[in-house]
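*Asks:* Okay, so here is query-v6.tsv, and as you'll see once you scroll down, it has TSV, C-alpha atoms and all ligand atoms.
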chain	number	residue	atom	x	y	z
A	123	MET	CA	28.66	12.03	36.89
A	124	SER	CA	25.77	13.15	34.70
A	125	ARG	CA	26.05	12.93	30.93
A	126	MET	CA	25.91	16.21	29.01
A	127	THR	CA	24.50	14.84	25.77
A	128	ALA	CA	21.74	12.40	24.84
A	129	PRO	CA	22.92	8.94	23.71
A	130	HIS	CA	23.75	8.92	20.01
A	131	LEU	CA	21.16	7.81	17.46
A	132	SER	CA	22.27	7.18	13.91
A	133	ARG	CA	21.26	9.05	10.77
A	134	MET	CA	19.11	6.07	9.77
A	135	GLY	CA	17.64	5.76	13.24
A	136	THR	CA	16.42	9.32	13.15
A	137	ALA	CA	15.57	9.56	9.44
A	138	VAL	CA	11.90	8.68	9.91
A	139	GLN	CA	9.09	8.62	12.42
A	140	GLU	CA	6.73	5.75	13.21
A	141	SER	CA	4.18	5.18	10.44
A	142	ALA	CA	1.41	7.80	10.83
A	143	THR	CA	-1.25	5.26	9.87
A	144	LEU	CA	-0.22	2.84	12.59
A	145	ARG	CA	0.09	5.64	15.15
A	146	ARG	CA	-3.48	6.85	14.58
A	147	ALA	CA	-4.86	3.29	14.58
A	148	ALA	CA	-3.16	2.82	17.96
A	149	ARG	CA	-4.82	5.98	19.31
A	150	ALA	CA	-8.22	4.69	18.11
A	151	ARG	CA	-7.62	1.40	19.97
A	152	GLU	CA	-6.56	3.31	23.09
A	153	LEU	CA	-9.77	5.35	23.12
A	154	ARG	CA	-11.87	2.25	22.52
A	155	ALA	CA	-10.13	0.47	25.41
A	156	ALA	CA	-11.06	3.46	27.56
A	157	GLY	CA	-14.74	2.80	26.77
A	158	ARG	CA	-15.37	5.28	23.93
A	159	GLU	CA	-17.46	4.20	20.93
A	160	ILE	CA	-14.98	4.43	18.06
A	161	TYR	CA	-15.49	3.87	14.35
A	162	ASN	CA	-12.08	2.94	13.10
A	163	PHE	CA	-11.71	3.83	9.42
A	164	THR	CA	-7.91	3.73	9.52
A	165	VAL	CA	-7.43	0.00	9.06
A	166	GLY	CA	-5.53	-0.98	5.91
A	167	GLU	CA	-6.49	-4.63	5.80
A	168	PRO	CA	-9.39	-6.72	4.52
A	169	ASP	CA	-12.04	-7.57	7.14
A	170	TYR	CA	-12.49	-10.84	5.32
A	171	PRO	CA	-11.58	-14.36	6.41
A	172	THR	CA	-8.44	-16.03	5.09
A	173	PRO	CA	-9.60	-18.79	2.68
A	174	ASP	CA	-10.16	-22.22	4.24
A	175	VAL	CA	-7.66	-23.96	1.95
A	176	VAL	CA	-5.00	-21.61	3.27
A	177	LEU	CA	-5.88	-22.33	6.90
A	178	ALA	CA	-5.88	-26.08	6.21
A	179	ALA	CA	-2.47	-25.85	4.53
A	180	ALA	CA	-1.06	-24.04	7.56
A	181	HIS	CA	-2.40	-26.71	9.94
A	182	ARG	CA	-0.91	-29.40	7.73
A	183	ALA	CA	2.42	-27.58	7.59
A	184	ILE	CA	2.62	-27.65	11.38
A	185	ASP	CA	1.56	-31.30	11.58
A	186	GLU	CA	4.13	-32.23	8.94
A	187	GLY	CA	6.89	-30.39	10.78
A	188	HIS	CA	7.56	-27.45	8.41
A	189	THR	CA	8.86	-25.50	11.35
A	190	ARG	CA	12.50	-24.92	10.54
A	191	TYR	CA	14.55	-22.38	8.60
A	192	THR	CA	13.89	-22.45	4.89
A	193	ALA	CA	16.06	-21.02	2.12
A	194	THR	CA	16.31	-17.24	2.62
A	195	ALA	CA	14.53	-16.52	-0.67
A	196	GLY	CA	11.65	-18.86	0.15
A	197	THR	CA	11.12	-22.56	-0.47
A	198	PRO	CA	11.89	-23.75	-4.01
A	199	ASP	CA	8.28	-24.94	-4.53
A	200	LEU	CA	6.83	-21.58	-3.50
A	201	ARG	CA	9.27	-19.62	-5.68
A	202	ALA	CA	8.43	-21.89	-8.61
A	203	ALA	CA	4.68	-21.49	-7.99
A	204	VAL	CA	5.02	-17.69	-7.78
A	205	ALA	CA	7.00	-17.67	-11.04
A	206	GLU	CA	4.33	-19.75	-12.77
A	207	HIS	CA	1.45	-17.73	-11.35
A	208	TYR	CA	2.89	-14.36	-12.38
A	209	SER	CA	4.13	-15.57	-15.77
A	210	ALA	CA	0.45	-16.11	-16.53
A	211	ARG	CA	-0.72	-12.83	-14.92
A	212	HIS	CA	1.99	-10.60	-16.42
A	213	ARG	CA	2.22	-12.48	-19.70
A	214	VAL	CA	6.02	-12.48	-19.51
A	215	PRO	CA	8.09	-15.51	-18.49
A	216	TRP	CA	9.39	-15.53	-14.91
A	217	ARG	CA	11.83	-18.13	-13.59
A	218	ALA	CA	11.97	-19.24	-9.95
A	219	SER	CA	15.44	-17.63	-9.72
A	220	GLN	CA	13.79	-14.26	-10.47
A	221	VAL	CA	11.45	-14.57	-7.47
A	222	MET	CA	11.96	-14.02	-3.76
A	223	VAL	CA	9.61	-14.35	-0.83
A	224	SER	CA	9.75	-11.82	2.02
A	225	ALA	CA	7.89	-10.80	5.16
A	226	GLY	CA	5.19	-8.92	3.24
A	227	ALA	CA	5.31	-6.59	0.27
A	228	LYS	CA	6.80	-4.08	2.70
A	229	GLN	CA	10.03	-6.04	2.95
A	230	VAL	CA	10.06	-6.66	-0.80
A	231	LEU	CA	9.88	-2.90	-1.40
A	232	TRP	CA	12.60	-2.22	1.12
A	233	ASN	CA	14.84	-4.93	-0.36
A	234	ALA	CA	14.26	-3.62	-3.88
A	235	LEU	CA	15.10	-0.02	-3.01
A	236	ALA	CA	18.02	-0.94	-0.78
A	237	ALA	CA	19.42	-3.01	-3.65
A	238	THR	CA	19.16	-0.20	-6.20
A	239	VAL	CA	19.28	3.26	-4.55
A	240	ASP	CA	22.50	4.95	-3.41
A	241	PRO	CA	22.65	8.10	-1.25
A	242	GLY	CA	21.86	11.10	-3.46
A	243	ASP	CA	20.03	9.06	-6.09
A	244	GLU	CA	16.64	10.40	-7.06
A	245	VAL	CA	13.51	8.30	-6.67
A	246	VAL	CA	10.27	9.46	-8.28
A	247	LEU	CA	7.08	9.20	-6.23
A	248	ILE	CA	3.55	10.11	-7.32
A	249	ALA	CA	1.57	11.90	-4.58
A	250	PRO	CA	-0.56	11.00	-2.79
A	251	TYR	CA	1.48	7.85	-2.17
A	252	TRP	CA	1.59	5.11	0.44
A	253	THR	CA	3.10	6.31	3.65
A	254	SER	CA	6.24	4.11	3.68
A	255	TYR	CA	7.61	5.08	0.24
A	256	LEU	CA	9.11	8.33	1.41
A	257	ALA	CA	10.49	6.62	4.50
A	258	TYR	CA	12.41	4.10	2.37
A	259	VAL	CA	13.96	6.87	0.30
A	260	GLN	CA	14.84	8.91	3.39
A	261	ILE	CA	16.40	5.97	5.23
A	262	LEU	CA	18.55	5.20	2.20
A	263	GLY	CA	19.66	8.83	1.87
A	264	GLY	CA	18.02	9.12	-1.55
A	265	THR	CA	16.32	12.25	-2.85
A	266	PRO	CA	12.57	12.07	-3.45
A	267	ARG	CA	11.32	13.70	-6.67
A	268	ILE	CA	7.62	14.06	-6.11
A	269	LEU	CA	5.05	14.38	-8.88
A	270	ARG	CA	1.77	15.96	-7.86
A	271	PRO	CA	-0.83	15.25	-10.52
A	272	PRO	CA	-4.01	17.30	-10.13
A	273	ARG	CA	-7.17	16.24	-8.34
A	274	GLU	CA	-9.15	16.55	-11.61
A	275	ARG	CA	-7.18	13.56	-12.92
A	276	ASN	CA	-7.76	11.66	-9.70
A	277	TYR	CA	-4.05	12.21	-9.05
A	278	LYS	CA	-2.97	9.92	-11.87
A	279	ALA	CA	0.35	10.88	-13.46
A	280	LEU	CA	0.94	11.19	-17.19
A	281	GLY	CA	4.01	10.35	-19.22
A	282	GLN	CA	4.58	14.08	-19.79
A	283	ASP	CA	4.66	14.65	-16.00
A	284	LEU	CA	7.25	11.93	-15.63
A	285	ARG	CA	9.41	13.39	-18.39
A	286	THR	CA	9.75	16.61	-16.37
A	287	VAL	CA	11.50	14.82	-13.48
A	288	LEU	CA	13.51	12.07	-15.14
A	289	GLY	CA	17.14	13.10	-15.30
A	290	PRO	CA	20.70	11.83	-14.97
A	291	ARG	CA	20.33	11.33	-11.21
A	292	THR	CA	17.01	9.43	-11.35
A	293	ARG	CA	17.55	5.88	-10.17
A	294	ALA	CA	14.00	4.59	-9.79
A	295	VAL	CA	10.32	5.31	-10.22
A	296	LEU	CA	8.22	3.88	-7.41
A	297	PHE	CA	4.76	3.20	-8.75
A	298	ASN	CA	1.59	1.83	-7.16
A	299	ASN	CA	-1.49	0.48	-8.92
A	300	PRO	CA	-4.25	0.20	-7.68
A	301	VAL	CA	-3.36	3.23	-5.60
A	302	ASN	CA	-3.43	3.48	-1.84
A	303	PRO	CA	-4.84	5.98	-0.71
A	304	THR	CA	-7.04	7.11	-3.63
A	305	GLY	CA	-8.44	3.79	-4.88
A	306	ALA	CA	-7.52	4.89	-8.41
A	307	VAL	CA	-6.68	2.20	-10.96
A	308	TYR	CA	-4.59	3.01	-14.04
A	309	SER	CA	-6.10	1.69	-17.26
A	310	GLU	CA	-4.05	-0.02	-19.94
A	311	ALA	CA	-3.95	3.20	-21.98
A	312	GLU	CA	-2.88	5.26	-18.94
A	313	LEU	CA	-0.08	2.80	-18.18
A	314	ARG	CA	1.06	2.87	-21.80
A	315	ASP	CA	1.37	6.64	-21.61
A	316	LEU	CA	2.97	6.82	-18.16
A	317	PHE	CA	5.60	4.16	-18.74
A	318	GLU	CA	6.69	5.28	-22.18
A	319	PRO	CA	9.40	7.64	-20.83
A	320	ILE	CA	10.70	4.82	-18.63
A	321	VAL	CA	11.17	2.59	-21.67
A	322	ASP	CA	13.33	5.34	-23.16
A	323	SER	CA	15.46	5.68	-19.99
A	324	ASP	CA	17.65	3.42	-17.87
A	325	VAL	CA	15.88	3.87	-14.50
A	326	TRP	CA	14.41	1.08	-12.38
A	327	ALA	CA	10.65	0.74	-12.23
A	328	VAL	CA	9.52	-0.60	-8.87
A	329	SER	CA	5.86	-1.49	-9.20
A	330	ASP	CA	3.81	-2.07	-6.06
A	331	GLU	CA	0.90	-4.25	-7.14
A	332	ILE	CA	-0.23	-5.47	-3.73
A	333	TYR	CA	-3.90	-4.56	-4.50
A	334	GLU	CA	-3.82	-6.33	-7.89
A	335	ARG	CA	-6.86	-8.49	-7.07
A	336	LEU	CA	-8.96	-5.62	-5.74
A	337	VAL	CA	-10.00	-3.95	-8.99
A	338	PHE	CA	-13.74	-3.31	-9.26
A	339	GLU	CA	-14.20	-3.07	-13.04
A	340	GLY	CA	-12.29	-5.15	-15.55
A	341	GLU	CA	-8.78	-6.45	-14.97
A	342	HIS	CA	-5.68	-5.20	-13.29
A	343	HIS	CA	-2.85	-4.53	-15.74
A	344	SER	CA	0.78	-4.61	-14.81
A	345	PRO	CA	2.93	-2.18	-16.86
A	346	LEU	CA	4.97	-5.25	-17.78
A	347	GLN	CA	2.09	-6.61	-19.84
A	348	ILE	CA	2.28	-3.48	-21.95
A	349	TYR	CA	6.06	-3.07	-22.05
A	350	PRO	CA	7.59	-6.58	-21.67
A	351	GLU	CA	10.91	-5.07	-22.80
A	352	LEU	CA	11.08	-3.41	-19.36
A	353	GLN	CA	11.53	-6.75	-17.62
A	354	ASP	CA	15.29	-6.31	-17.13
A	355	ARG	CA	14.69	-3.08	-15.15
A	356	PHE	CA	11.37	-3.89	-13.52
A	357	VAL	CA	10.72	-5.12	-9.97
A	358	VAL	CA	7.23	-6.17	-8.94
A	359	ALA	CA	6.31	-6.03	-5.25
A	360	THR	CA	3.19	-7.96	-4.39
A	361	GLY	CA	2.09	-10.73	-2.05
A	362	ALA	CA	-0.63	-12.54	-0.19
A	363	SER	CA	-1.68	-9.82	2.28
A	364	LYS	CA	-4.52	-8.08	0.47
A	365	SER	CA	-5.28	-10.59	-2.31
A	366	PHE	CA	-6.00	-13.47	0.03
A	367	ALA	CA	-6.84	-11.59	3.24
A	368	MET	CA	-3.54	-12.73	4.79
A	369	THR	CA	-2.11	-9.52	6.27
A	370	GLY	CA	-0.95	-11.19	9.47
A	371	TRP	CA	0.89	-14.01	7.75
A	372	ARG	CA	3.54	-11.67	6.36
A	373	ILE	CA	4.18	-13.10	2.92
A	374	GLY	CA	5.29	-10.84	0.06
A	375	PHE	CA	6.52	-11.78	-3.39
A	376	GLY	CA	9.27	-9.92	-5.24
A	377	LEU	CA	9.89	-10.53	-8.93
A	378	GLY	CA	12.66	-8.94	-10.94
A	379	PRO	CA	15.80	-9.56	-12.96
A	380	GLU	CA	18.08	-12.14	-11.41
A	381	SER	CA	20.82	-9.60	-10.64
A	382	VAL	CA	18.59	-7.46	-8.43
A	383	VAL	CA	16.76	-10.43	-6.90
A	384	ARG	CA	20.14	-11.90	-5.91
A	385	SER	CA	21.03	-8.64	-4.13
A	386	MET	CA	17.64	-8.52	-2.46
A	387	ILE	CA	18.15	-12.08	-1.18
A	388	SER	CA	21.63	-11.21	0.15
A	389	LEU	CA	20.22	-8.22	2.03
A	390	GLN	CA	17.37	-10.29	3.46
A	391	SER	CA	19.79	-13.08	4.46
A	392	HIS	CA	21.44	-10.70	6.93
A	393	ILE	CA	18.40	-8.79	8.08
A	394	THR	CA	15.53	-11.24	8.68
A	395	GLY	CA	16.47	-14.49	6.96
A	396	ASN	CA	13.68	-16.57	5.51
A	397	PRO	CA	10.01	-15.62	5.80
A	398	ASN	CA	7.89	-17.72	8.15
A	399	SER	CA	7.98	-21.41	7.15
A	400	VAL	CA	4.34	-22.23	7.96
A	401	ALA	CA	3.09	-19.06	6.23
A	402	GLN	CA	5.04	-20.05	3.11
A	403	ARG	CA	3.14	-23.36	2.95
A	404	ALA	CA	-0.08	-21.40	3.42
A	405	ALA	CA	0.86	-18.97	0.63
A	406	LEU	CA	1.52	-21.88	-1.70
A	407	ALA	CA	-2.07	-23.02	-1.11
A	408	ALA	CA	-3.33	-19.44	-1.59
A	409	LEU	CA	-1.92	-19.37	-5.11
A	410	SER	CA	-4.33	-22.15	-6.03
A	411	VAL	CA	-7.34	-19.97	-5.10
A	412	THR	CA	-8.99	-18.88	-8.33
A	413	ASP	CA	-10.24	-15.44	-9.33
A	414	ALA	CA	-13.77	-16.84	-9.29
A	415	GLN	CA	-13.32	-17.94	-5.65
A	416	LEU	CA	-12.08	-14.47	-4.78
A	417	GLU	CA	-14.94	-12.71	-6.51
A	418	PRO	CA	-17.08	-12.49	-3.32
A	419	MET	CA	-14.26	-10.57	-1.59
A	420	ARG	CA	-14.01	-8.12	-4.46
A	421	ARG	CA	-17.81	-7.63	-4.37
A	422	HIS	CA	-17.70	-7.26	-0.59
A	423	PHE	CA	-15.38	-4.24	-0.81
A	424	ARG	CA	-17.08	-2.72	-3.79
A	425	GLU	CA	-20.42	-2.81	-1.98
A	426	ARG	CA	-18.92	-1.28	1.11
A	427	CYS	CA	-17.36	1.54	-0.88
A	428	ASP	CA	-20.77	2.12	-2.50
A	429	VAL	CA	-22.48	2.31	0.91
A	430	ALA	CA	-19.86	4.82	2.03
A	431	LEU	CA	-20.27	6.94	-1.11
A	432	GLU	CA	-24.04	6.99	-0.63
A	433	VAL	CA	-23.67	8.45	2.89
A	434	LEU	CA	-20.97	10.93	1.87
A	435	ALA	CA	-23.04	12.18	-1.07
A	436	THR	CA	-25.47	13.74	1.45
A	437	LEU	CA	-22.85	16.48	1.99
A	438	PRO	CA	-22.16	17.96	-1.45
A	439	GLU	CA	-19.14	20.04	-0.30
A	440	LEU	CA	-17.39	16.78	0.56
A	441	ARG	CA	-15.75	15.64	-2.65
A	442	CYS	CA	-14.60	12.11	-3.20
A	443	THR	CA	-13.84	10.25	-6.42
A	444	ARG	CA	-15.44	6.83	-6.76
A	445	PRO	CA	-12.66	4.30	-6.16
A	446	GLU	CA	-11.88	1.91	-9.02
A	447	GLY	CA	-10.27	-0.62	-6.68
A	448	THR	CA	-8.76	-1.24	-3.17
A	449	PHE	CA	-11.05	-0.53	-0.22
A	450	TYR	CA	-10.08	3.10	0.32
A	451	LEU	CA	-11.85	6.38	-0.25
A	452	PHE	CA	-9.91	9.60	-0.34
A	453	LEU	CA	-12.04	12.53	0.84
A	454	GLU	CA	-11.16	16.07	-0.19
A	455	VAL	CA	-11.64	18.00	3.04
A	456	ASP	CA	-9.93	21.35	2.40
A	457	ALA	CA	-13.36	23.00	2.05
A	458	PHE	CA	-13.79	22.36	5.77
A	459	PHE	CA	-10.69	24.18	6.94
A	460	GLY	CA	-11.23	27.51	8.70
A	461	GLU	CA	-13.58	28.77	11.41
A	462	TRP	CA	-16.08	26.25	12.79
A	463	SER	CA	-19.48	27.11	14.31
A	464	ASP	CA	-18.23	26.24	17.82
A	465	GLY	CA	-15.56	28.94	17.48
A	466	GLN	CA	-12.59	26.67	16.95
A	467	ARG	CA	-10.28	26.85	13.92
A	468	ILE	CA	-9.21	23.79	11.98
A	469	ASP	CA	-6.53	24.60	9.45
A	470	ASP	CA	-5.28	21.28	8.18
A	471	CYS	CA	-6.13	17.62	7.75
A	472	GLU	CA	-4.19	16.61	10.86
A	473	GLY	CA	-6.30	18.99	12.93
A	474	LEU	CA	-9.45	17.70	11.27
A	475	ALA	CA	-8.52	14.05	11.86
A	476	ASP	CA	-7.72	14.82	15.52
A	477	HIS	CA	-11.04	16.62	15.94
A	478	LEU	CA	-13.01	13.78	14.31
A	479	LEU	CA	-11.35	11.20	16.54
A	480	GLU	CA	-11.19	12.97	19.86
A	481	LYS	CA	-14.61	14.65	19.70
A	482	HIS	CA	-16.69	12.30	17.53
A	483	GLY	CA	-14.96	8.91	17.76
A	484	ILE	CA	-14.28	8.73	14.01
A	485	ALA	CA	-10.76	7.60	13.15
A	486	VAL	CA	-9.48	8.45	9.67
A	487	VAL	CA	-5.95	8.84	8.34
A	488	PRO	CA	-4.96	12.44	7.53
A	489	GLY	CA	-3.62	13.06	4.04
A	490	THR	CA	-0.25	14.15	5.43
A	491	ALA	CA	0.46	10.41	5.86
A	492	PHE	CA	0.29	10.26	2.05
A	493	ASP	CA	2.01	13.58	1.38
A	494	HIS	CA	-1.24	15.33	0.52
A	495	GLU	CA	-2.52	18.11	2.78
A	496	GLY	CA	-6.13	18.45	1.68
A	497	GLY	CA	-7.55	14.99	2.21
A	498	VAL	CA	-8.26	12.17	4.61
A	499	ARG	CA	-8.37	8.43	3.87
A	500	VAL	CA	-11.30	6.28	4.87
A	501	SER	CA	-10.93	2.49	4.83
A	502	CYS	CA	-14.18	0.69	3.99
A	503	THR	CA	-13.38	-2.39	6.01
A	504	LEU	CA	-16.19	-2.11	8.57
A	505	SER	CA	-19.63	-3.69	8.23
A	506	PRO	CA	-22.13	-1.79	6.04
A	507	ASP	CA	-24.08	-0.80	9.18
A	508	GLU	CA	-20.97	0.54	10.88
A	509	ILE	CA	-19.99	2.39	7.70
A	510	ARG	CA	-23.46	3.99	7.58
A	511	ARG	CA	-23.38	4.98	11.25
A	512	GLY	CA	-19.74	6.07	11.36
A	513	LEU	CA	-19.77	8.12	8.17
A	514	GLY	CA	-23.18	9.55	9.18
A	515	ILE	CA	-21.44	10.92	12.29
A	516	LEU	CA	-18.57	12.22	10.15
A	517	VAL	CA	-20.98	14.04	7.83
A	518	GLU	CA	-22.82	15.60	10.78
A	519	ALA	CA	-19.51	16.65	12.31
A	520	LEU	CA	-18.43	18.33	9.08
A	521	ARG	CA	-21.73	20.25	8.89
A	522	GLN	CA	-20.54	22.13	11.97
A	523	ARG	CA	-18.02	23.99	9.84
A	524	SER	CA	-19.68	27.41	9.66
B	1	LIG	C1	0.45	0.31	-1.20
B	1	LIG	C2	0.91	-0.72	-0.22
B	1	LIG	N1	2.06	-1.36	-0.46
B	1	LIG	C3	2.53	-2.29	0.40
B	1	LIG	C4	1.85	-2.60	1.56
B	1	LIG	C5	2.44	-3.61	2.49
B	1	LIG	O1	1.92	-4.88	2.29
B	1	LIG	P1	2.31	-6.07	3.25
B	1	LIG	O2	1.31	-6.09	4.35
B	1	LIG	O3	2.25	-7.29	2.36
B	1	LIG	O4	3.70	-5.83	3.75
B	1	LIG	C6	0.67	-1.94	1.86
B	1	LIG	C7	-0.03	-2.21	3.12
B	1	LIG	O5	-0.91	-1.50	3.57
B	1	LIG	C8	0.17	-0.98	0.95
B	1	LIG	O6	-0.97	-0.31	1.18
Transcribe the structure of this file into structure tokens.
Ligand SMILES: Cc1ncc(COP(=O)(O)O)c(C=O)c1O

*Replies:*
Amino acid sequence: MSRMTAPHLSRMGTAVQESATLRRAARARELRAAGREIYNFTVGEPDYPTPDVVLAAAHRAIDEGHTRYTATAGTPDLRAAVAEHYSARHRVPWRASQVMVSAGAKQVLWNALAATVDPGDEVVLIAPYWTSYLAYVQILGGTPRILRPPRERNYKALGQDLRTVLGPRTRAVLFNNPVNPTGAVYSEAELRDLFEPIVDSDVWAVSDEIYERLVFEGEHHSPLQIYPELQDRFVVATGASKSFAMTGWRIGFGLGPESVVRSMISLQSHITGNPNSVAQRAALAALSVTDAQLEPMRRHFRERCDVALEVLATLPELRCTRPEGTFYLFLEVDAFFGEWSDGQRIDDCEGLADHLLEKHGIAVVPGTAFDHEGGVRVSCTLSPDEIRRGLGILVEALRQRS
């Protein structure tokens, strides 16, 4: 007997699609495996080695037998070290009980939103925003309230923008600084302005600070440094992935009031349990790496972004704001939509990204992945030579727009 209907998938199971960034990176790998020369500018991770002290700590952890379950929230020594480290960075006191360790900042963000957002609650996002934020809200049945600051401000939101969307149904503001995909970094004054309406409200601030070490000029500021009184409604999501070139180790840190951290731990206890035991020992060692030791990595990405900007500047119609941090450039490509000299039409950034990849071997992430139609993201995590060659091809390809 044949079935009449497809097997049931749940609301959550159908709420979102696979991450667009990962999907395009997979297509780039597929084409490369088929023998094509591909310049892959989609990769969202440092092309930088994990520090030696971290590798040594991981070897030691295995030799010493740290191979079993740990406490769900992370080992007590790692939680204590995270609390100490971020008390100094944020200039507010954190206790170990206000810290949890997860499988990357991704899981911290998920835990934080799952612990605070009910179906129908509004969550404020600032576009363009990292691809998974909307997915979290959709899976939870929340309602996204999306701010769209203008390009002229490098898409940074102001306090007055935020005031227009905060209301009785707002549960949380999901904020990212430095920003993926634009590379923008909010200054202390900009944070003071943006967070002022949050101080006057009772919403949660969930602050994704995963790129905190990748700021090119001056220091990274957490909004907490400016408004310490927010600490009882503030969750920080960060971790080892980008700061210490440890994306594969899957270690994120969540810091927040004990009530929410307790809920986040309960959720994690049923879903994944503790983060990897060996990686936790490695992350403990990473926290001893100083800013001075990380300086070469920061310089490495800054120089690569500069090389990229130099090539892109040869095509004046291609606008791109100099990034203030991260390793991303966000190119404004809407000037290239329309009729091309070979007769084809390209009407959106998806079409443009497909064309660049399939015809020219240049993989970029279309702005739709970040809820912004007119741009594409370029990751400067290739060698300077590859950046020169790859973006040279991109510039030549864009010249074919008639
Ligand atoms: C803005 C942002 N937040 C969070 C993450 C996830 O970090 P992790 O790899 O630690 O889960 C990423 C990764 O690309 C990111 O770009």

*Asks:* Within 12 Å of Glu140 in chain A, counting all atoms listed in the file, which residues qualify if same-chain residues fewer than 4 places away don't, as a list of chain:residue names?

*Replies:*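 Neighbouring residues, sequence-local ones excluded: A:Gly135, A:Thr136, A:Leu144, A:Arg145, A:Arg146, A:Ala147, A:Ala148, A:Thr253, A:Ser254, A:Ala257, A:Ala491.
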
*Asks:* Given the selection you just returned, output its residues as a file containing C-alpha atoms, formatted as an mmCIF file, in the coordinates of the input.

*Replies:*
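As written to disk, selection_10.cif reads:
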data_model
loop_
_atom_site.group_PDB
_atom_site.id
_atom_site.type_symbol
_atom_site.label_atom_id
_atom_site.label_comp_id
_atom_site.auth_asym_id
_atom_site.auth_seq_id
_atom_site.Cartn_x
_atom_site.Cartn_y
_atom_site.Cartn_z
ATOM 1 C CA GLY A 135 17.640 5.760 13.240
ATOM 2 C CA THR A 136 16.420 9.320 13.150
ATOM 3 C CA LEU A 144 -0.220 2.840 12.590
ATOM 4 C CA ARG A 145 0.090 5.640 15.150
ATOM 5 C CA ARG A 146 -3.480 6.850 14.580
ATOM 6 C CA ALA A 147 -4.860 3.290 14.580
ATOM 7 C CA ALA A 148 -3.160 2.820 17.960
ATOM 8 C CA THR A 253 3.100 6.310 3.650
ATOM 9 C CA SER A 254 6.240 4.110 3.680
ATOM 10 C CA ALA A 257 10.490 6.620 4.500
ATOM 11 C CA ALA A 491 0.460 10.410 5.860
#

*Asks:* Any idea what the distance is between atom O4 of ligand LIG 1 (chain B) and CA of Ala362 in chain A?

*Replies:* 8.9 Å

*Asks:* Taking all atoms listed in the file into account, which residues are within 6 Å of ligand LIG 1 (chain B), as a ChimeraX atom specification?

*Replies:* /A:166,226-228,252,302,330,332,361,363,369,374

*Asks:* Which one is closest to Arg499 in chain A: A:Leu262, A:Val223, A:Met368, A:Val487? Count all atoms listed in the file.

*Replies:*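 Closest candidate: A:Val487.
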
*Asks:* What is the CA of Phe375 in chain A to CA of Arg444 in chain A distance in Å?

*Replies:*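 So the two atoms, CA of Phe375 in chain A and CA of Arg444 in chain A, lie 29.0 Å apart.
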
*Asks:* Each residue of range 300-403 of chain A with at least one atom at most 6 Å from range 192-206 of chain A should appear once, together with its nearest atom pair and the corresponding distance in Å (one decimal); atoms considered: all atoms listed in the file; ordering: chain, then increasing residue number; output as a Markdown table.

*Replies:*
| residue | atom | partner | partner_atom | distance |
| --- | --- | --- | --- | --- |
| A:Ile387 | CA | A:Ala195 | CA | 5.8 |
| A:Ser391 | CA | A:Thr194 | CA | 5.7 |
| A:Gly395 | CA | A:Thr194 | CA | 5.1 |
| A:Asn396 | CA | A:Thr194 | CA | 4.0 |

*Asks:* Can I get the selected residues back with C-alpha atoms, as a PDB file, in the frame of the given file?

*Replies:*
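And here's again_26.pdb as it stands now:
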ATOM      1  CA  ILE A 387      18.150 -12.080  -1.180  1.00  0.00           C
ATOM      2  CA  SER A 391      19.790 -13.080   4.460  1.00  0.00           C
ATOM      3  CA  GLY A 395      16.470 -14.490   6.960  1.00  0.00           C
ATOM      4  CA  ASN A 396      13.680 -16.570   5.510  1.00  0.00           C
TER       5      ASN A 396
END

*Asks:* Using CA of Cys442 in chain A and CA of Pro488 in chain A as the two end points, give the distance in Å to one decimal.

*Replies:* 14.4 Å

*Asks:* Let me make sure I understand: among A:Val246, A:Ala225, A:Ser385, A:Pro266, which one has the smallest atom-to-atom distance to Trp371 in chain A if we use all atoms listed in the file?

*Replies:*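 Going through A:Val246, A:Ala225, A:Ser385, A:Pro266 one by one, the smallest distance to Trp371 in chain A is for A:Ala225.
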
*Asks:* Name all residues at most 7 Å from Val357 in chain A (count all atoms listed in the file; drop same-chain ones fewer than 3 positions away) and give them as a PyMOL selection string.

*Replies:* chain A and resi 327-329+376-378
